[in-house]
Structures are given as C-alpha cells and as structure tokens.
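Below you'll find the structure, written out as structure tokens, and then a few comments.
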Amino acid sequence: MSNKIPQNRITWNSQIGFLLAAVGSAVGLGNIWRFSYMTFKFGGGAFLVPYFVALIVAGIPLVILEYGLGHRELGASPLSFSRVRPNWEWAGWWMPISAMFGIMLYYSVVIGYCLIYLFLSINLTWGSDTQTFFFDSLLHISDSPLNLGGIQLSVASATLFVWTICWIICYKEVNRGIERACKIFIPLLFILTLILVGWGITLPGAFHGIKAYLIPDWGKLRDFQVWTAAFGQIFFTLSLGFGIMITYASYLPRRTNIYSNALLTSWIDCLFSFIAGFAVFSVIGFMAFEKGLPITEVIKGGPQLAFVVYPEAINNLPFLRSIFGICFFSVLFLAGISSGISLIEAFSCALRDKFGWDRKKVVSVICLLGFLGSLIFTTRGGLHIIDIVDHFITHYALILGGIIECYIVGWLLKAKLLRKHVNNAMGSSKLKVKPWWDVCIRYITPAALIIILLQSLIQELKTPYEGYPLEAIILFGVDWLIIVLIVSVVFTFYPWKSELLHRKHLPEEDHLLV
Ligand code: PFF
C-alpha cells in the first residue's frame with residue numbers, strides 16, 4: 001500500500017456501489033424539472049446541441065478531473081486543492097460551502113414540497129385549481145423576495161423530515177450509509193421513471209408534447225443565453241463544482257477504472273434527463289389535448305412544472321390517478337435525497353479532513369445548521385429567494401469553481417500528471433485517457449467557461465435577473481457569494497489537524513499504486 005494512504009480511510013464496498021452513489025448524486029431534481037423546462041424554453045431539440053457540446057467540452061473532462069484529483073489526493077476538495085498548492089485551499093472550501101449553503105438549503109425545501117405532494121397524491125387533495133393551491137394554500141407566497149412573511153409550518157415540517165433522513169443516511173460511514181441507500185434508491189428510481197415514461201407516452205395527446213420537446217427551433221441557437229443555460233445545466237446535473245465527485249472518488253480503492261466510471265456517470269445522467277423528458281412532456285401534451293390548448297399555454301417553468309402543471313395533469317388522467325402521482329413524486333423525492341446526501345458528505349468530509357472531527361458529530365451539526373438555514377426558504381418569500389440563489393450559484397459559483405479546478409489541475413499540478421495517475425490506476429485496461437484531455441483541461445474547458453461566465457455577467461448588468469428588485473439581487477445573490485468567499489478564506493487560516501494528510505504530495509507516489 002502507498003505510504004500516502006491514511007490507514008483508516010474507508011473505501012466503497014464495491015465499484016457498483018460507487019457508481020450508484022455517483023449517479024445518485026448526479027441524477028436529481030435538476031434532471032426532471034430543470035432539464036425538461038430548459039429544453040422546451042431554449043429551442044426544444046435544438047437545446048440538445050449546446051447541451052451535448054457542454055457535456056463534451058466541459059462535463060466529461062471535469063468529471064474525469066474531479067474523480068482523478070479526489071482519487072490521487074485522498075481527500076475532499078480543500079485537502080485535495082491544498083495538497084496541490086496550499087494557497088489554493090480557499091477554493092476547495094468555496095465549492096462545498098457555496099453548494100451546501102446555497103443549493104442544499106433550498107434543495108431540501110423543494111424535496112420537502114415533493115414529500116408533501118407525495119402524500120397529497122393519495123387523495124389528490126390539491127383540488128382542481130392547482131395553481132392557487134400551490135402558491136396560496138401551501139406557500140402563501142408573498143409578492144417580493146424582500147417580503148419574507150412567516151415560516152410556513154407544513155413546508156418547514158417536511159423540510160425537517162428531509163434533513164432527518166439525510167442525517168440518518170450520512171451518520172454512518174459512507175459504505176454503510178450512502179452506498180446502501182443508493183443501492184436501493186437508484187434502481188427504484190429508474191424503475192419508477194420507466195413506468196412513468198411507458199404510461200405517459202400512451203396517453204392521448206402525448207405525441208404533441210413530445211413533438212414540442214424534441215422538434216428543434218434552430219434559431220434559438222443564435223441566442224447566447226441558450227449556451228450559458230446549457231453549460232449551467234451540465235454543471236448542475238453532473239454535480240460539478242460542488243466538491244462532491246472529488247470526495248466520492250477519494251473513497252475509491254487504489255486500483256480502479258476512473259475513466260469508465262466518469263463516462264458511465266456522465267452518460268447515464270444525461271440519458272436519464274433525456275428519458276425523463278418524455279415522461280414530463282407526454283403528460284403535458286396530454287393535458288394540452290384535454291384542455292384544447294397549445295402546449296405553450298400549459299407549460300410553466302421551475303417548480304411550477306412539478307407542483308402546478310403535473311398535479312393538474314394527474315387530475316385529468318383517466319384512471320389510477322393516485323398511483324401515477326405517487327410514482328411521480330417518489331421519483332422526485334428519491335432523486336432529491338440521493339443528491340442531497342452527496343453534498344452533505346462532501347462538506348462533512350472536508351471538515352473531517354481538516355479538523356479531524358468525528359463523523360457523527362460533524363454530520364449532526366451540519367444537518368442541524370442546514371435545517372435552520374433552510375427555514376428562510378420556507379417563509380412566504382421563500383420561492384422567490386430560491387429562484388435568485390439558484391441563479392447565482394449555478395451561473396457563477398459552480399462555473400467559477402470549474403475554472404479554478406482547471407487552473408489548479410491543468411497548470412499548477414499539470415494535467416499530464418493527473419492523466420498518468422488516472423491511467424496508472426486503471427492497470428491493464430485498454431481504455432486510457434488520451435492527451436486530448438490535457439488540452440481540454442488547460443485550454444478548451446476554461447476558455448469556454450470564462451466566455452460563459454463573462455456573458456452571464458454582461459447579461460446581468462444589462463437587465464437584473466427576472467426583473468427582481470436590485471436590493472434583493474444584491475442581498476440574496478451577490479452578498480451570498482461574498483459571504484461564502486469570506487468563510488472559505490477564514491477556514492483556510494485554521495491549521496490542519498493532521499500534518500500527514502496535509503503534507504505536500506510527492507509526484508513519485510503516483511507509481512505507488514497497489
Ligand atoms: N446533480 C444534482 C441535480 O441535478 O439535481 C445537483 C445537486 C443538487 C446535487 C443538490 C447535490 C445537491 F445537494
């Protein structure tokens with residue numbers, strides 16, 4: 001065994017366990033409502049072009065990078081980055097902190113909505129006016145993100161339940177908690193999704209929905225926003241820039257096929273989105289058919305797609321309505337939980353690496369703080385804040401994380417060295433990462449990401465996001481990013497608990513694979 005492996009580092013029980021956990025992280029709420037709506041909004045089938053370009057140019061190269069780095073450095077992102085260059089440790093904190101306290105806080109609330117709707121499906125208690133039910137009866141939504149109003153008890157209770165489940169799973173070591181949970185959740189998630197697709201496409205009118213989903217509007221490709229949206233979606237869907245994949249790969253055994261795992265995770269995730277789109281659009285086509293309206297009139301964005309449009313479609317189904325509802329919201333719930341736990345693991349591993357704290361204590365504190373932080377999203381203004389925070393984190397924090405990773409690995413560590421590590425770890429496998437990957441990580445991927453980031457910034461300065469008041473954007477978007485940066489830097493100043501873990505990596509160790 002290499003002398004750089006901490007003796008007590010846990011590994012996954014099996015390769016398939018790792019793959020299921022990684023797919024569990026990637027396949028989330030983003031694959032179902034986020035992907036479907038984006039595809040529709042940004043040119044139907046034509047959106048698939050920038051989407052696959054983003055997958056090839058940034059997605060797959062960065063999954064290989066994150067897996068390779070975590071596997072080589074045996075730590076979460078702060079440890080991995082600081083072993084390459086200690087003064088870049090702050091960036092390793094930036095990723096899990098911005099994701100944990102940006103994305104996970106609202107994500108857990110949205111999983112809470114799914115849970116509520118799962119129970120409501122039993123008697124279709126949302127009634128015939130699903131829009132009024134969601135916005136007024138459930139959320140009591142306010143008119144502005146600055147008008148918070150009180151916490152909504154039903155949403156807060158569901159959110160507490162979500163954090164409790166995450167806590168139970170993450171409390172145990174990764175091979176007993178996350179690995180076991182994903183071995184059950186992911187097959188179930190795939191089976192339920194296939195049932196929904198099979199059911200959906202046989203409904204009357206489904207064909208029109210699928211046509212709206214897939215028929216390309218090539219003109220849209222001239223709009224740069226479509227490209228920025230595609231890159232943002234690839235980052236979100238592959239859980240890139242969160243520090244998750246680095247952490248998960250750090251639990252892999254020394255001999256492992258990183259390349260095929262990276263390809264499998266990326267393609268399974270994208271294929272899942274594509275297939276789930278059929279379930280979403282066939283049902284929307286059915287609803288448009290039932291109401292005699294064009295698809296454009298019935299489709300809505302973001303959470304509304306799942307919590308307004310879908311329940312209404314379920315109301316109109318000819319039979320087994322409750323079962324359909326239960327299947328759909330279970331899919332969202334399972335997808336959400338398997339992603340949420342991956343982020344808690346990434347952050348808790350980062351803290352354990354640095355301070356040597358006990359897993360159980362760290363996870364308990366994170367889940368408690370996480371729940372308390374989520375409460376802001378359960379207020380009457382919560383849904384507006386979700387929209388702003390989601391926009392800022394996906395368009396800026398994740399993309400920035402990706403650029404920094406490319407710089408650290410491509411230029412400071414040298415891409416070639418990490419590629420050699422990945423190829424060494426694969427032993428005699430014929431599949432090897434080729435030098436094209438170095439070119440991607442050093443030039444192509446960062447260049448594409450910088451262009452996307454600048455373009456988003458220019459757009460932002462021209463028109464504030466979704467016409468929200470500038471104060472709200474600064475308060476919940478920009479301030480959020482600045483606070484995360486300050487916290488990341490503060491963490492960096494604390495000394496490492498274990499010098500052995502933190503000591504500088506010796507390149508010759510790359511040959512010490514078992
Ligand atoms: N890949 C996830 C998705 O598409 O929904 C993104 C994600 C969100 C991962 C929240 C982890 C998380 F906690």
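Quick note on naming: the chains in the structure tokens go A, B, ... in the order shown, residues restart at 1 in each chain, and ligands are numbered from 1 in order of appearance.
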
#### Entry: Every residue of region 308-510 of chain A that DSSP places in alpha helix (DSSP H), as a PyMOL selection string
chain A and resi 310-316+321-355+359-374+382-392+398-407+415-425+436-439+445-462+470-472+479-493+499-502

### Task
Skip region 196-206 of chain A itself and residues of its chain fewer than 5 positions away, then list as a PyMOL selection string all residues within 9 Å of it, counting only C-alpha atoms.
chain A and resi 191+211+275-290+317+324+327-328

### Query
How many Å separate CA of Phe47 (chain A) from CA of Leu65 (chain A)?
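So the answer is 25.6 Å.
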
### Query
Within 6 Å of ligand 1, counting only C-alpha atoms and all ligand atoms, which protein or nucleic acid residues do you find, written as a list in words?
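Counting only what the definition allows, namely only C-alpha atoms and all ligand atoms, the set is Ser25, Ala26, Val27, Gly28, Leu29, Gly30, Asn31, Ile103, Met104, Tyr107, Phe236, Thr237, Leu238, Ser239, Ser339, Gly340, Ser342 and Leu343 of chain A.
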
### Task
Might you pull out every residue within 12 Å of Leu118 (chain A), with only C-alpha atoms counted and same-chain residues fewer than 6 positions away left off, and present them as a PyMOL selection string?
chain A and resi 111-112+124-126+158+306-307+311+322-334

At most 12 Å is the cut-off: for each residue in region 367-413 of chain A with any atom that close to an atom of region 217-228 of chain A, write down the nearest atom pair and the distance in Å rounded to one decimal, counting only C-alpha atoms, chain first then increasing number, as JSON lines.
{"residue": "A:His391", "atom": "CA", "partner": "A:Thr228", "partner_atom": "CA", "distance": 11.5}
{"residue": "A:Thr394", "atom": "CA", "partner": "A:Thr228", "partner_atom": "CA", "distance": 10.2}
{"residue": "A:His395", "atom": "CA", "partner": "A:Thr228", "partner_atom": "CA", "distance": 7.8}
{"residue": "A:Tyr396", "atom": "CA", "partner": "A:Thr228", "partner_atom": "CA", "distance": 10.7}
{"residue": "A:Ile399", "atom": "CA", "partner": "A:Thr228", "partner_atom": "CA", "distance": 10.1}

Any chance you can output those residues with all heavy atoms as a compact mmCIF listing (two decimals), in the first residue's frame?
# COMPACT_ATOMS: atom_id res chain seq x y z
N HIS A 391 -30.09 30.90 -9.31
CA HIS A 391 -29.50 31.56 -10.48
C HIS A 391 -28.03 31.92 -10.22
O HIS A 391 -27.15 31.63 -11.03
CB HIS A 391 -30.31 32.82 -10.79
CG HIS A 391 -29.70 33.66 -11.86
ND1 HIS A 391 -29.79 33.35 -13.19
CD2 HIS A 391 -28.93 34.79 -11.79
CE1 HIS A 391 -29.13 34.25 -13.90
NE2 HIS A 391 -28.60 35.13 -13.07
N THR A 394 -25.72 28.64 -9.71
CA THR A 394 -25.42 27.85 -10.91
C THR A 394 -24.68 28.66 -11.98
O THR A 394 -23.83 28.14 -12.67
CB THR A 394 -26.69 27.24 -11.55
OG1 THR A 394 -27.66 28.28 -11.64
CG2 THR A 394 -27.24 26.09 -10.77
N HIS A 395 -25.01 29.95 -12.09
CA HIS A 395 -24.36 30.73 -13.15
C HIS A 395 -22.98 31.22 -12.77
O HIS A 395 -22.16 31.49 -13.63
CB HIS A 395 -25.23 31.92 -13.56
CG HIS A 395 -26.34 31.53 -14.47
ND1 HIS A 395 -27.44 30.84 -14.03
CD2 HIS A 395 -26.50 31.68 -15.81
CE1 HIS A 395 -28.24 30.62 -15.05
NE2 HIS A 395 -27.70 31.11 -16.14
N TYR A 396 -22.72 31.40 -11.46
CA TYR A 396 -21.42 31.96 -11.07
C TYR A 396 -20.59 31.03 -10.20
O TYR A 396 -19.47 30.68 -10.56
CB TYR A 396 -21.62 33.32 -10.38
CG TYR A 396 -22.30 34.29 -11.30
CD1 TYR A 396 -23.67 34.54 -11.19
CD2 TYR A 396 -21.60 34.90 -12.33
CE1 TYR A 396 -24.31 35.40 -12.07
CE2 TYR A 396 -22.23 35.75 -13.22
CZ TYR A 396 -23.59 35.99 -13.09
OH TYR A 396 -24.21 36.82 -13.97
N ILE A 399 -19.62 27.59 -11.96
CA ILE A 399 -18.76 27.80 -13.14
C ILE A 399 -17.38 28.30 -12.68
O ILE A 399 -16.34 27.85 -13.18
CB ILE A 399 -19.41 28.82 -14.11
CG1 ILE A 399 -20.80 28.34 -14.52
CG2 ILE A 399 -18.51 29.12 -15.29
CD1 ILE A 399 -20.91 27.51 -15.74

What are the nearest atom pairs, with distances in Å to one decimal, for all residues of region 149-259 of chain A that come at most 10 Å from region 401-421 of chain A, using only C-alpha atoms, set out by chain and rising residue number as JSON lines?
{"residue": "A:Phe235", "atom": "CA", "partner": "A:Gly402", "partner_atom": "CA", "distance": 8.4}
{"residue": "A:Leu240", "atom": "CA", "partner": "A:Gly402", "partner_atom": "CA", "distance": 7.3}
{"residue": "A:Gly241", "atom": "CA", "partner": "A:Gly401", "partner_atom": "CA", "distance": 4.9}
{"residue": "A:Phe242", "atom": "CA", "partner": "A:Gly401", "partner_atom": "CA", "distance": 7.8}
{"residue": "A:Gly243", "atom": "CA", "partner": "A:Gly401", "partner_atom": "CA", "distance": 8.9}
{"residue": "A:Ile258", "atom": "CA", "partner": "A:His421", "partner_atom": "CA", "distance": 9.9}
{"residue": "A:Tyr259", "atom": "CA", "partner": "A:Arg419", "partner_atom": "CA", "distance": 9.8}

Write a file of the selected residues as a compact mmCIF listing (two decimals), in the first residue's frame, keeping N, CA, C and O atoms.
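Okay, this is what ended up in selection-v7.txt:
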# COMPACT_ATOMS: atom_id res chain seq x y z
N PHE A 235 -23.24 21.64 -15.47
CA PHE A 235 -22.58 21.70 -14.16
C PHE A 235 -23.50 21.20 -13.07
O PHE A 235 -23.12 20.40 -12.21
N LEU A 240 -21.03 19.13 -10.71
CA LEU A 240 -19.65 19.60 -10.85
C LEU A 240 -19.47 20.94 -10.16
O LEU A 240 -20.39 21.76 -10.14
N GLY A 241 -18.29 21.14 -9.59
CA GLY A 241 -18.02 22.41 -8.91
C GLY A 241 -18.59 22.42 -7.50
O GLY A 241 -18.58 23.46 -6.85
N PHE A 242 -19.13 21.28 -7.04
CA PHE A 242 -19.67 21.20 -5.68
C PHE A 242 -18.62 20.60 -4.73
O PHE A 242 -18.78 20.66 -3.52
N GLY A 243 -17.63 19.91 -5.30
CA GLY A 243 -16.67 19.17 -4.46
C GLY A 243 -17.16 17.75 -4.18
O GLY A 243 -16.48 16.98 -3.50
N ILE A 258 -11.15 4.79 -13.29
CA ILE A 258 -11.73 6.12 -13.17
C ILE A 258 -12.39 6.58 -14.47
O ILE A 258 -13.48 7.15 -14.47
N TYR A 259 -11.73 6.28 -15.58
CA TYR A 259 -12.21 6.77 -16.87
C TYR A 259 -13.58 6.20 -17.21
O TYR A 259 -14.52 6.93 -17.54
